[in-house]
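So this one's my_file.txt, compact mmCIF, C-alpha atoms:
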# COMPACT_ATOMS: atom_id res chain seq x y z
CA MET J 809 22.56 23.43 -29.63
CA GLN J 810 22.65 22.58 -25.94
CA LYS J 811 22.51 26.29 -25.11
CA SER J 812 19.37 26.81 -27.18
CA ILE J 813 17.71 23.86 -25.48
CA GLU J 814 18.45 25.04 -21.96
CA GLY J 815 17.49 28.66 -22.55
CA SER J 816 18.39 31.42 -20.12
CA LYS J 817 18.39 31.27 -16.34
CA LEU J 818 15.55 33.77 -16.29
CA ASN J 819 13.37 31.68 -18.60
CA PRO J 820 11.78 28.62 -16.96
CA ASP J 821 10.91 27.16 -20.39
CA LEU J 822 13.09 24.90 -22.53
CA SER J 823 13.18 26.02 -26.15
CA ASN J 824 13.40 23.66 -29.15
CA TRP J 825 12.94 20.59 -26.92
CA ASP J 826 12.39 17.32 -28.78
CA LYS J 827 12.93 14.22 -26.69
CA GLU J 828 13.14 11.95 -29.76
CA ASP J 829 15.85 14.09 -31.45
CA PRO J 830 19.29 13.79 -29.76
CA ALA J 831 20.23 17.21 -31.14
CA HIS J 832 17.32 18.81 -29.29
CA TRP J 833 17.35 16.69 -26.14
CA SER J 834 19.47 17.05 -23.01
CA SER J 835 20.14 13.90 -21.02
CA LYS J 836 21.44 16.01 -18.13
CA ARG J 837 18.25 18.07 -18.00
CA ALA J 838 16.06 14.97 -18.22
CA TRP J 839 17.79 13.19 -15.35
CA LEU J 840 17.91 16.33 -13.21
CA THR J 841 14.15 16.68 -13.65
CA LEU J 842 13.65 13.02 -12.80
CA THR J 843 15.81 13.33 -9.67
CA VAL J 844 14.09 16.40 -8.22
CA SER J 845 10.54 15.26 -9.00
CA THR J 846 11.23 11.76 -7.67
CA TYR J 847 12.56 13.20 -4.42
CA SER J 848 9.35 15.19 -4.08
CA MET J 849 7.32 12.07 -4.91
CA ILE J 850 8.93 10.17 -2.03
CA ILE J 851 7.59 12.82 0.35
CA ALA J 852 4.24 12.65 -1.46
CA PHE J 853 3.85 8.93 -0.82
CA CYS J 854 4.93 9.37 2.81
CA VAL J 855 2.02 11.79 3.17
CA TRP J 856 -0.38 9.49 1.29
CA PHE J 857 0.36 6.55 3.61
CA LEU J 858 0.85 8.59 6.78
CA VAL J 859 -2.50 7.46 8.20
CA SER J 860 -1.69 3.78 7.68
CA ALA J 861 1.31 4.25 10.00
CA ILE J 862 -0.56 6.25 12.62
CA ALA J 863 -3.93 4.45 12.71
CA PRO J 864 -2.76 1.23 14.43
CA LYS J 865 -1.45 3.37 17.32
CA LEU J 866 -4.51 5.54 17.92
CA ASN J 867 -6.38 3.26 20.33
CA GLU J 868 -3.17 2.67 22.26
CA ILE J 869 -2.95 6.38 23.14
CA GLY J 870 -6.52 6.90 24.29
CA PHE J 871 -8.69 7.07 21.17
CA ASP J 872 -11.69 4.73 21.13
CA LEU J 873 -12.17 3.73 17.49
CA THR J 874 -13.75 0.58 16.11
CA ALA J 875 -12.07 -1.62 13.50
CA ALA J 876 -14.45 -0.20 10.87
CA GLN J 877 -13.56 3.38 11.83
CA LEU J 878 -9.85 2.60 11.53
CA TYR J 879 -10.37 1.01 8.10
CA TRP J 880 -12.21 4.16 7.03
CA LEU J 881 -9.36 6.37 8.21
CA THR J 882 -6.83 4.41 6.17
CA ALA J 883 -9.20 4.20 3.20
CA LEU J 884 -9.98 7.90 2.76
CA PRO J 885 -6.54 8.91 1.43
CA GLY J 886 -7.20 6.45 -1.38
CA LEU J 887 -10.51 8.13 -2.20
CA SER J 888 -9.09 11.65 -2.23
CA GLY J 889 -5.90 10.48 -3.95
CA GLY J 890 -7.93 9.04 -6.80
CA LEU J 891 -10.10 12.14 -7.10
CA LEU J 892 -7.10 14.46 -7.06
CA ARG J 893 -5.32 12.37 -9.67
CA LEU J 894 -8.18 13.16 -12.04
CA VAL J 895 -7.25 16.81 -11.52
CA TYR J 896 -3.50 16.32 -11.61
CA MET J 897 -3.61 14.36 -14.89
CA VAL J 898 -4.49 17.50 -16.87
CA LEU J 899 -2.11 19.89 -15.08
CA PRO J 900 1.34 19.15 -16.63
CA PRO J 901 0.73 20.88 -19.98
CA ILE J 902 -1.21 23.68 -18.28
CA ILE J 903 1.08 24.79 -15.44
CA GLY J 904 4.36 23.06 -16.32
CA THR J 905 6.73 20.81 -14.40
CA ARG J 906 8.37 23.53 -12.31
CA ARG J 907 5.23 24.89 -10.67
CA LEU J 908 3.57 21.47 -10.53
CA VAL J 909 6.33 19.98 -8.38
CA GLY J 910 7.00 23.16 -6.40
CA TYR J 911 3.44 23.92 -5.34
CA SER J 912 2.64 20.26 -4.70
CA SER J 913 5.60 19.97 -2.33
CA LEU J 914 4.18 22.85 -0.31
CA LEU J 915 0.71 21.30 -0.23
CA PHE J 916 2.13 18.14 1.36
CA ILE J 917 2.88 20.13 4.50
CA ILE J 918 -0.77 20.87 5.31
CA PRO J 919 -1.96 17.36 6.32
CA MET J 920 1.32 16.64 8.12
CA ILE J 921 0.89 19.65 10.39
CA GLY J 922 -2.78 18.77 10.88
CA TRP J 923 -1.98 15.27 12.10
CA PHE J 924 0.86 16.62 14.24
CA PHE J 925 -1.64 18.47 16.42
CA ALA J 926 -4.59 16.07 16.12
CA VAL J 927 -2.91 13.03 17.68
CA GLN J 928 -1.83 14.96 20.75
CA ASP J 929 -5.42 15.04 22.05
CA ALA J 930 -7.42 11.82 22.29
CA ASN J 931 -10.57 13.95 22.34
CA THR J 932 -9.99 15.11 18.77
CA PRO J 933 -13.34 14.39 17.06
CA TYR J 934 -13.50 11.55 14.60
CA TRP J 935 -14.87 13.79 11.83
CA TRP J 936 -11.70 15.90 12.00
CA LEU J 937 -9.55 12.78 11.73
CA LEU J 938 -11.53 11.90 8.59
CA VAL J 939 -10.86 15.36 7.16
CA LEU J 940 -7.14 15.02 7.82
CA SER J 941 -7.13 11.57 6.23
CA PHE J 942 -8.84 12.99 3.16
CA LEU J 943 -6.24 15.77 2.91
CA CYS J 944 -3.46 13.16 2.84
CA GLY J 945 -4.73 12.21 -0.61
CA VAL J 946 -2.80 15.13 -2.11
CA GLY J 947 0.29 12.93 -1.79
CA GLY J 948 -1.25 10.21 -3.91
CA GLY J 949 -2.89 12.63 -6.33
CA SER J 950 0.38 14.24 -7.37
CA PHE J 951 1.53 10.99 -8.99
CA SER J 952 -0.75 11.56 -12.00
CA GLY J 953 0.91 14.90 -12.62
CA TYR J 954 4.50 13.93 -11.94
CA MET J 955 4.60 10.83 -14.15
CA PRO J 956 3.22 12.38 -17.38
CA SER J 957 5.41 15.42 -16.74
CA THR J 958 8.50 13.22 -16.52
CA GLY J 959 7.38 11.53 -19.74
CA TYR J 960 7.96 14.83 -21.56
CA PHE J 961 11.68 14.57 -20.84
CA PHE J 962 12.55 11.01 -21.95
CA PRO J 963 12.43 9.34 -25.39
CA LYS J 964 10.40 6.17 -25.82
CA ALA J 965 13.51 3.98 -25.74
CA LYS J 966 14.25 5.15 -22.20
CA SER J 967 10.70 5.62 -20.95
CA GLY J 968 10.43 2.24 -19.21
CA THR J 969 13.61 2.79 -17.23
CA ALA J 970 12.83 6.42 -16.37
CA LEU J 971 9.21 5.89 -15.35
CA GLY J 972 10.14 2.69 -13.53
CA ILE J 973 12.75 4.53 -11.48
CA GLN J 974 10.45 7.43 -10.67
CA ALA J 975 7.45 5.33 -9.75
CA GLY J 976 9.51 2.72 -7.91
CA VAL J 977 11.66 5.12 -5.89
CA GLY J 978 8.65 7.37 -5.28
CA ASN J 979 6.66 4.41 -4.01
CA PHE J 980 9.39 3.83 -1.44
CA GLY J 981 7.72 6.68 0.45
CA MET J 982 4.91 4.26 1.29
CA SER J 983 7.40 1.89 2.85
CA ILE J 984 9.50 4.62 4.48
CA ILE J 985 6.61 6.05 6.48
CA GLN J 986 5.44 2.60 7.57
CA LEU J 987 8.98 1.51 8.47
CA VAL J 988 10.30 4.59 10.25
CA GLY J 989 6.91 5.74 11.59
CA PRO J 990 6.84 3.30 14.53
CA TRP J 991 10.52 4.03 15.23
CA LEU J 992 9.95 7.79 15.19
CA MET J 993 7.07 7.39 17.61
CA GLY J 994 9.35 5.74 20.13
CA PHE J 995 11.25 8.76 21.43
CA GLY J 996 11.41 12.56 21.62
CA LEU J 997 12.87 14.04 18.46
CA LEU J 998 14.17 17.36 17.13
CA GLY J 999 13.41 19.21 20.32
CA LEU J 1000 9.77 18.14 20.14
CA GLY J 1001 9.96 16.77 23.66
CA THR J 1002 8.55 20.11 24.76
CA PHE J 1003 5.23 18.77 23.51
CA SER J 1004 3.55 16.31 25.85
CA PRO J 1005 4.08 12.69 24.84
CA GLN J 1006 1.09 10.42 24.53
CA ARG J 1007 0.69 7.49 26.91
CA THR J 1008 -0.26 3.94 26.05
CA SER J 1009 -2.70 1.97 28.19
CA SER J 1010 0.30 0.54 30.04
CA GLY J 1011 1.64 4.02 30.78
CA ASP J 1012 4.53 4.01 28.29
CA ALA J 1013 5.37 7.32 26.64
CA VAL J 1014 5.11 7.47 22.85
CA PHE J 1015 5.46 10.36 20.42
CA VAL J 1016 2.95 9.60 17.67
CA TYR J 1017 3.15 13.14 16.35
CA ASN J 1018 6.77 12.60 15.26
CA ALA J 1019 5.63 10.59 12.25
CA ALA J 1020 3.52 13.52 11.09
CA ILE J 1021 6.01 16.37 11.52
CA VAL J 1022 9.43 14.94 10.70
CA PHE J 1023 8.95 15.11 6.92
CA VAL J 1024 7.88 18.78 6.83
CA PRO J 1025 11.44 20.15 6.41
CA TRP J 1026 12.07 17.67 3.60
CA ALA J 1027 8.95 18.89 1.81
CA LEU J 1028 10.21 22.47 2.07
CA ILE J 1029 13.52 21.40 0.55
CA ALA J 1030 11.64 19.72 -2.31
CA ALA J 1031 9.80 22.97 -3.04
CA VAL J 1032 13.02 24.98 -3.06
CA LEU J 1033 14.71 22.50 -5.41
CA ALA J 1034 11.74 22.56 -7.77
CA PHE J 1035 11.55 26.33 -8.06
CA THR J 1036 15.32 26.77 -8.46
CA LEU J 1037 16.33 23.81 -10.64
CA LEU J 1038 13.38 22.71 -12.77
CA LYS J 1039 12.23 24.08 -16.12
CA ASP J 1040 9.20 23.49 -18.32
CA VAL J 1041 8.93 21.75 -21.66
CA PRO J 1042 6.86 23.95 -24.00
CA VAL J 1043 3.99 21.48 -24.27
CA THR J 1044 0.53 22.99 -24.09
CA ALA J 1045 -2.94 21.50 -24.26
CA ASN J 1046 -6.26 22.55 -22.81
CA ILE J 1047 -8.49 20.20 -20.88
CA ARG J 1048 -10.81 19.48 -23.83
CA GLN J 1049 -7.92 18.47 -26.06
CA GLN J 1050 -6.70 16.02 -23.45
CA LEU J 1051 -10.05 14.24 -23.16
CA ASP J 1052 -9.61 12.43 -26.47
CA ILE J 1053 -7.78 9.67 -24.58
CA PHE J 1054 -11.21 8.27 -23.73
CA SER J 1055 -11.92 7.51 -27.38
CA ASN J 1056 -8.94 5.15 -27.44
CA PRO J 1057 -9.97 1.66 -26.20
CA ASN J 1058 -6.45 1.05 -24.90
CA THR J 1059 -7.05 3.70 -22.24
CA TRP J 1060 -9.76 1.55 -20.70
CA TYR J 1061 -7.99 -1.79 -21.07
CA MET J 1062 -4.79 -0.42 -19.57
CA THR J 1063 -6.79 1.11 -16.74
CA ALA J 1064 -8.13 -2.34 -15.91
CA MET J 1065 -4.58 -3.74 -15.96
CA TYR J 1066 -3.25 -1.00 -13.69
CA VAL J 1067 -6.14 -1.36 -11.25
CA MET J 1068 -5.05 -4.97 -10.90
CA THR J 1069 -1.34 -4.24 -10.47
CA PHE J 1070 -1.20 -0.91 -8.65
CA GLY J 1071 -4.77 -0.60 -7.36
CA LEU J 1072 -4.69 -3.87 -5.43
CA PHE J 1073 -1.06 -3.37 -4.45
CA SER J 1074 -1.68 0.08 -2.94
CA GLY J 1075 -4.94 -1.06 -1.36
CA PHE J 1076 -3.47 -4.08 0.37
CA ALA J 1077 -0.33 -2.11 1.29
CA ALA J 1078 -2.45 0.52 3.05
CA GLN J 1079 -4.48 -2.10 4.92
CA PHE J 1080 -1.72 -4.66 5.50
CA GLY J 1081 -1.00 -3.62 9.07
CA LEU J 1082 -4.67 -3.63 10.05
CA LEU J 1083 -5.26 -6.95 8.26
CA ILE J 1084 -2.56 -8.62 10.32
CA LYS J 1085 -3.81 -6.95 13.49
CA ASN J 1086 -7.39 -8.07 12.90
CA ILE J 1087 -6.68 -11.63 11.69
CA TYR J 1088 -3.57 -12.62 13.64
CA GLY J 1089 -2.93 -9.82 16.11
CA ASP J 1090 -4.43 -8.40 19.27
CA ALA J 1091 -7.72 -7.56 17.52
CA SER J 1092 -8.20 -11.07 16.19
CA GLN J 1093 -11.61 -12.68 16.50
CA PHE J 1094 -10.09 -16.14 16.23
CA SER J 1095 -9.43 -18.13 19.36
CA GLY J 1096 -5.80 -18.35 20.44
CA MET J 1097 -4.56 -15.44 18.29
CA GLU J 1098 -4.35 -12.79 20.99
CA GLY J 1099 -0.98 -11.15 21.41
CA LEU J 1100 0.43 -12.41 18.11
CA PRO J 1101 2.19 -10.24 15.50
CA MET J 1102 1.68 -6.48 15.53
CA GLY J 1103 0.64 -5.48 12.04
CA VAL J 1104 2.65 -2.27 12.13
CA THR J 1105 5.80 -4.40 12.32
CA TYR J 1106 5.20 -5.83 8.85
CA ALA J 1107 3.31 -3.03 7.09
CA PHE J 1108 6.40 -1.63 5.37
CA LEU J 1109 7.17 -4.89 3.53
CA GLY J 1110 4.57 -4.55 0.77
CA PRO J 1111 5.60 -1.11 -0.50
CA LEU J 1112 9.28 -1.89 -0.06
CA ILE J 1113 9.18 -5.07 -2.13
CA ALA J 1114 6.90 -3.79 -4.89
CA SER J 1115 8.80 -0.53 -5.23
CA ALA J 1116 12.19 -2.23 -5.48
CA VAL J 1117 10.90 -4.70 -8.05
CA ARG J 1118 9.37 -1.89 -10.10
CA ILE J 1119 12.77 -0.20 -10.36
CA VAL J 1120 14.61 -3.38 -11.30
CA TRP J 1121 12.05 -4.39 -13.95
CA GLY J 1122 12.07 -1.03 -15.76
CA PRO J 1123 15.15 -1.88 -17.87
CA LEU J 1124 13.82 -5.41 -18.46
CA CYS J 1125 10.60 -3.91 -19.82
CA ASP J 1126 12.62 -1.67 -22.13
CA ARG J 1127 14.41 -4.76 -23.43
CA PHE J 1128 11.60 -7.31 -23.70
CA GLY J 1129 8.49 -5.11 -23.82
CA GLY J 1130 5.95 -4.43 -21.12
CA ALA J 1131 3.07 -6.67 -22.18
CA VAL J 1132 4.65 -10.02 -21.35
CA TRP J 1133 5.69 -8.77 -17.90
CA THR J 1134 2.23 -7.38 -17.22
CA PHE J 1135 0.74 -10.79 -18.05
CA ILE J 1136 3.24 -12.62 -15.82
CA SER J 1137 2.49 -10.15 -13.06
CA ILE J 1138 -1.28 -10.60 -13.21
CA VAL J 1139 -1.01 -14.39 -13.21
CA GLY J 1140 1.44 -14.29 -10.29
CA MET J 1141 -0.74 -11.93 -8.29
CA THR J 1142 -3.83 -14.04 -8.91
CA VAL J 1143 -2.14 -17.24 -7.74
CA SER J 1144 -0.68 -15.47 -4.69
CA LEU J 1145 -4.03 -13.98 -3.68
CA PHE J 1146 -5.65 -17.41 -3.96
CA ALA J 1147 -2.90 -18.82 -1.73
CA CYS J 1148 -3.73 -16.12 0.84
CA THR J 1149 -7.29 -17.43 1.11
CA LEU J 1150 -5.91 -20.61 2.68
CA PHE J 1151 -4.74 -18.60 5.70
CA LEU J 1152 -7.54 -16.06 6.27
CA ARG J 1153 -9.52 -18.24 8.69
CA PRO J 1154 -6.70 -19.54 10.87
CA ASP J 1155 -6.92 -22.30 13.41
CA SER J 1156 -3.31 -21.94 14.52
CA PRO J 1157 -0.84 -19.06 14.92
CA ASP J 1158 1.52 -21.08 12.73
CA GLU J 1159 -0.60 -20.16 9.70
CA PHE J 1160 0.67 -16.58 9.89
CA THR J 1161 3.87 -17.58 8.09
CA GLY J 1162 1.92 -18.86 5.09
CA PHE J 1163 -0.20 -15.72 4.97
CA LEU J 1164 2.85 -13.45 5.17
CA TRP J 1165 4.76 -15.22 2.39
CA SER J 1166 1.69 -15.31 0.14
CA MET J 1167 1.26 -11.56 0.56
CA ILE J 1168 4.96 -10.98 -0.08
CA ALA J 1169 4.64 -12.94 -3.34
CA MET J 1170 1.64 -10.82 -4.33
CA PHE J 1171 3.57 -7.60 -3.69
CA PHE J 1172 6.52 -8.95 -5.71
CA PHE J 1173 4.41 -9.68 -8.78
CA ALA J 1174 2.60 -6.35 -8.38
CA GLY J 1175 5.93 -4.56 -8.74
CA ILE J 1176 6.56 -6.35 -12.04
CA GLY J 1177 3.15 -5.35 -13.35
CA ASN J 1178 3.52 -1.73 -12.32
CA ALA J 1179 6.68 -1.51 -14.42
CA GLY J 1180 5.13 -3.41 -17.33
CA THR J 1181 1.98 -1.34 -17.66
CA PHE J 1182 3.86 1.97 -17.66
CA LYS J 1183 6.14 0.67 -20.39
CA GLN J 1184 3.15 -0.38 -22.49
CA MET J 1185 1.28 2.92 -22.57
CA PRO J 1186 3.93 5.09 -24.29
CA MET J 1187 4.40 2.29 -26.85
CA ILE J 1188 0.81 1.50 -27.82
CA MET J 1189 -0.67 5.01 -27.70
CA PRO J 1190 0.04 8.19 -29.68
CA ALA J 1191 2.62 10.43 -28.00
CA ARG J 1192 0.10 13.16 -27.19
CA GLN J 1193 -2.28 10.69 -25.55
CA ALA J 1194 0.25 8.62 -23.64
CA GLY J 1195 0.79 11.17 -20.85
CA GLY J 1196 -2.93 11.65 -20.29
CA ALA J 1197 -3.54 7.91 -20.34
CA ILE J 1198 -0.82 7.36 -17.74
CA GLY J 1199 -2.40 10.03 -15.56
CA PHE J 1200 -5.92 8.63 -15.91
CA THR J 1201 -5.02 4.99 -15.29
CA ALA J 1202 -3.00 6.06 -12.26
CA ALA J 1203 -5.95 8.11 -11.03
CA ILE J 1204 -8.39 5.20 -11.15
CA ALA J 1205 -5.89 2.78 -9.60
CA ALA J 1206 -5.27 5.26 -6.77
CA PHE J 1207 -8.74 4.45 -5.47
CA GLY J 1208 -7.25 1.10 -4.43
CA PRO J 1209 -6.69 1.97 -0.74
CA PHE J 1210 -10.24 3.31 -0.55
CA PHE J 1211 -12.01 0.38 -2.18
CA VAL J 1212 -9.95 -2.24 -0.38
CA GLY J 1213 -10.61 -0.49 2.93
CA ILE J 1214 -14.34 -0.25 2.27
CA ALA J 1215 -14.49 -3.84 1.06
CA LEU J 1216 -12.90 -5.05 4.29
CA THR J 1217 -15.56 -3.23 6.31
CA ALA J 1218 -18.40 -4.67 4.19
CA MET J 1219 -17.33 -8.30 3.89
CA THR J 1220 -14.92 -10.82 5.31
CA PRO J 1221 -11.32 -10.80 4.07
CA TYR J 1222 -11.92 -14.29 2.64
CA THR J 1223 -14.75 -13.09 0.40
CA TRP J 1224 -12.80 -10.04 -0.75
CA TYR J 1225 -9.74 -12.06 -1.66
CA LEU J 1226 -11.86 -14.41 -3.78
CA ILE J 1227 -13.31 -11.42 -5.64
CA CYS J 1228 -9.77 -10.20 -6.33
CA VAL J 1229 -8.83 -13.64 -7.66
CA ALA J 1230 -11.78 -13.57 -10.08
CA TYR J 1231 -10.81 -10.10 -11.26
CA GLY J 1232 -7.23 -11.26 -11.79
CA ILE J 1233 -8.38 -14.11 -14.02
CA LEU J 1234 -10.40 -11.68 -16.14
CA CYS J 1235 -7.45 -9.27 -16.48
CA ALA J 1236 -5.09 -12.11 -17.39
CA VAL J 1237 -7.35 -13.20 -20.25
CA VAL J 1238 -7.65 -9.65 -21.60
CA CYS J 1239 -3.92 -9.01 -21.30
CA TRP J 1240 -3.00 -12.23 -23.09
CA PHE J 1241 -5.26 -11.86 -26.10
CA ARG J 1242 -4.85 -8.10 -26.59
CA TYR J 1243 -1.24 -7.46 -25.60
CA ALA J 1244 0.94 -10.42 -24.62
CA ARG J 1245 0.32 -13.34 -27.02
CA PRO J 1246 2.36 -13.79 -30.20
CA GLY J 1247 0.73 -11.67 -32.91
CA ALA J 1248 -1.25 -9.58 -30.40
CA PRO J 1249 -2.67 -6.38 -31.96
CA TYR J 1250 -0.93 -4.12 -29.41
CA PRO J 1251 2.24 -5.88 -28.23
CA GLY J 1252 3.55 -2.84 -26.28
Kindly transcribe the structure held in the file into structure tokens.
Amino acid sequence: MQKSIEGSKLNPDLSNWDKEDPAHWSSKRAWLTLTVSTYSMIIAFCVWFLVSAIAPKLNEIGFDLTAAQLYWLTALPGLSGGLLRLVYMVLPPIIGTRRLVGYSSLLFIIPMIGWFFAVQDANTPYWWLLVLSFLCGVGGGSFSGYMPSTGYFFPKAKSGTALGIQAGVGNFGMSIIQLVGPWLMGFGLLGLGTFSPQRTSSGDAVFVYNAAIVFVPWALIAAVLAFTLLKDVPVTANIRQQLDIFSNPNTWYMTAMYVMTFGLFSGFAAQFGLLIKNIYGDASQFSGMEGLPMGVTYAFLGPLIASAVRIVWGPLCDRFGGAVWTFISIVGMTVSLFACTLFLRPDSPDEFTGFLWSMIAMFFFAGIGNAGTFKQMPMIMPARQAGGAIGFTAAIAAFGPFFVGIALTAMTPYTWYLICVAYGILCAVVCWFRYARPGAPYPG
């Protein structure tokens, strides 16, 4: 039976595949697909958050950008990522897993090469930087294609673990680029010293373009792996057939939950470095804060913590259900965000510690909720709708970096955090009565 499932080497389709029937399901094939697509997703999230690693360095190398302009640069990948997720969500049954992952991996290269050249000239116009930021959204957009596609390969009993691993490990890309980006910018790399280094205001040489170019070979490898190792599950559906997810109320409720858990997580993760820089760092407007922590030093923490927690909580969601963990997550995030408000108008540098730990707690609870929501959807929705619902909720939540960035240009951080607290309370009430309480209509 295994031979009939796998098909021939010349046929990219899997015949007789039924993930709920052990006789027509291949664990080896499922985990191979998860491994290759997750590797590609790591590169995708590196691209999506590339600007958040580069932006704090731009003014140091001769650009003259305001705080609002920098927020816009880091916000635009969220806008394009959300828009592209609306496209990606319908692609898995149309083009298949193999081409979806392969072509996407090649698309990731375009914005990386664009940024590689753009940062080498401080006279690069701002509008072109905005275009390059927008193009980085392809990294975030791919998520809404990869996750439903992976869902085709795993039975419901293993869906929480599989999707938790893919989303969690993939999200590490956000942390990787923010962690290694500053390090890569510190020295000549891979023979790139032939390109002129940039100079900071103090005359130090930096290589900002390293962060943009170093992942290009890895994206090429991802494309090769996809085209040579992946196959397609024979699932087909046109766009009109997939739109029936909007008639299911759970699509909208789960979207609200995921905006809370992933939308705010990704938004604050993208802006974390600039938030620290503007509140406690060298761009602070508060007296006595000059020269305090560099935001880029801490920016990697949010994605790292949330991604790790998402992986760990996948099996727990399979065991106890996703709804209760989603509720715990939303309550924890709400309390943590309220705690942050106590440190957004600092009188002393010592308050930075409280702000940092409050944000770390928020990222921790966000990771729990990201695992919980993705366990819920395959359980409370029909099998044919679950993939589309996952793609749509992920698409809307991907606007998080955009809306958080825009909000921080339109209002004070204190006001924005209070709005997030109010939204968290609303989501907690909905989650409890519809999904998490004993006897809830959709326990998930």
Which of these residues is nearest to J:Asp929, using all atoms listed in the file: J:Leu908, J:Ile869, J:Met1185, J:Leu1083?
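Smallest distance to J:Asp929 is found for J:Ile869.
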Write out as a list in words the residues lying within 8 Å of J:Leu940, counting only C-alpha atoms and excluding same-chain residues fewer than 3 positions away.
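My list of contacting residues is Pro919, Gly922, Trp923, Trp936, Leu937, Leu943 and Cys944 of chain J.
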Keeping only C-alpha atoms, take the residues you just selected and write them out as a PDB file, in the coordinates of the input.
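Final output, result34.pdb:
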ATOM      1  CA  PRO J 919      -1.960  17.360   6.320  1.00  0.00           C
ATOM      2  CA  GLY J 922      -2.780  18.770  10.880  1.00  0.00           C
ATOM      3  CA  TRP J 923      -1.980  15.270  12.100  1.00  0.00           C
ATOM      4  CA  TRP J 936     -11.700  15.900  12.000  1.00  0.00           C
ATOM      5  CA  LEU J 937      -9.550  12.780  11.730  1.00  0.00           C
ATOM      6  CA  LEU J 943      -6.240  15.770   2.910  1.00  0.00           C
ATOM      7  CA  CYS J 944      -3.460  13.160   2.840  1.00  0.00           C
TER       8      CYS J 944
END
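Interatomic distance, atom CA of J:Gln877 against atom CA of J:Ser941: 11.8 Å.
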Using only C-alpha atoms, which residue out of J:Val1143, J:Ser860, J:Ala883, J:Ala876 lies closest to J:Met1219?
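Residue with the minimum atom-to-atom distance to J:Met1219: J:Ala876.
With all atoms listed in the file as the basis for measurement, J:Tyr934 is the residue among J:Tyr896, J:Trp991, J:Tyr911, J:Tyr934 that approaches J:Leu878 most closely.
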Find the residues near J:Gly1075: any atom within 10 Å, counting all atoms listed in the file, skip ones fewer than 5 places away on the same chain, and give them as a ChimeraX atom specification.
/J:882-883,886,1067,1070,1080,1205-1213
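For the choices J:Gly904, J:Gly948, J:Gly1162, J:Gly989, the atom-to-atom distance to J:Leu884 is smallest for J:Gly948 when using only C-alpha atoms.
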Quick one, how far is atom CA of J:Met1068 from atom CA of J:Gly1110?
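Between atom CA of J:Met1068 and atom CA of J:Gly1110 the gap works out to 15.1 Å.
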Counting all atoms listed in the file, write as a ChimeraX atom specification all protein and nucleic acid residues lying at most 12 Å from (12.0, 11.6, -22.2) in the file's frame.
/J:825-830,832-842,955-971,1041,1186,1191,1195
Spatial neighbours of J:Gly1175, max dist 10 Å, all atoms listed in the file, sep filter under 3 positions, as an NGL selection string:
:J and (972 or 976 or 1069-1070 or 1073 or 1110-1122 or 1134 or 1137 or 1141 or 1170-1172 or 1178-1180)
Show me, as a list in words, the residues that have an atom within 10 Å of stretch 1237-1241 of chain J when counting all atoms listed in the file, minus same-chain residues fewer than 2 positions from it.
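So the residues in contact are Tyr1061, Met1062, Ala1064, Met1065, Ala1131, Val1132, Thr1134, Phe1135, Ile1136, Ile1138, Val1139, Gly1232, Ile1233, Leu1234, Cys1235, Tyr1243, Ala1244, Arg1245, Pro1246, Gly1247, Ala1248, Pro1249, Tyr1250 and Pro1251 of chain J.
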Would you save the residues from that selection as a compact mmCIF listing (two decimals), in the coordinates of the input, using C-alpha atoms?
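For reference, part.txt as written:
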# COMPACT_ATOMS: atom_id res chain seq x y z
CA TYR J 1061 -7.99 -1.79 -21.07
CA MET J 1062 -4.79 -0.42 -19.57
CA ALA J 1064 -8.13 -2.34 -15.91
CA MET J 1065 -4.58 -3.74 -15.96
CA ALA J 1131 3.07 -6.67 -22.18
CA VAL J 1132 4.65 -10.02 -21.35
CA THR J 1134 2.23 -7.38 -17.22
CA PHE J 1135 0.74 -10.79 -18.05
CA ILE J 1136 3.24 -12.62 -15.82
CA ILE J 1138 -1.28 -10.60 -13.21
CA VAL J 1139 -1.01 -14.39 -13.21
CA GLY J 1232 -7.23 -11.26 -11.79
CA ILE J 1233 -8.38 -14.11 -14.02
CA LEU J 1234 -10.40 -11.68 -16.14
CA CYS J 1235 -7.45 -9.27 -16.48
CA TYR J 1243 -1.24 -7.46 -25.60
CA ALA J 1244 0.94 -10.42 -24.62
CA ARG J 1245 0.32 -13.34 -27.02
CA PRO J 1246 2.36 -13.79 -30.20
CA GLY J 1247 0.73 -11.67 -32.91
CA ALA J 1248 -1.25 -9.58 -30.40
CA PRO J 1249 -2.67 -6.38 -31.96
CA TYR J 1250 -0.93 -4.12 -29.41
CA PRO J 1251 2.24 -5.88 -28.23
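Residue nearest J:Leu894, chosen from J:Tyr1222, J:Phe980, J:Phe1108, J:Phe951 and counting only C-alpha atoms: J:Phe951.
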Nearest residue to J:Gly1081 out of J:Ser983, J:Thr1036, J:Ser1156, J:Thr1181, using all atoms listed in the file?
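For J:Gly1081, the nearest of the candidates is J:Ser983.
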Could you list, as a ChimeraX atom specification, every residue within 9 Å of J:Ile1021, counting all atoms listed in the file and ignoring same-chain residues fewer than 2 positions away?
/J:917,920-921,923-924,1017-1019,1023-1025
How would the residues just picked look written out with C-alpha atoms as a short mmCIF file (atom, residue, chain, number, x, y, z; two decimals), in the coordinates of the input?
data_model
loop_
_atom_site.label_atom_id
_atom_site.label_comp_id
_atom_site.auth_asym_id
_atom_site.auth_seq_id
_atom_site.Cartn_x
_atom_site.Cartn_y
_atom_site.Cartn_z
CA ILE J 917 2.88 20.13 4.50
CA MET J 920 1.32 16.64 8.12
CA ILE J 921 0.89 19.65 10.39
CA TRP J 923 -1.98 15.27 12.10
CA PHE J 924 0.86 16.62 14.24
CA TYR J 1017 3.15 13.14 16.35
CA ASN J 1018 6.77 12.60 15.26
CA ALA J 1019 5.63 10.59 12.25
CA PHE J 1023 8.95 15.11 6.92
CA VAL J 1024 7.88 18.78 6.83
CA PRO J 1025 11.44 20.15 6.41
#
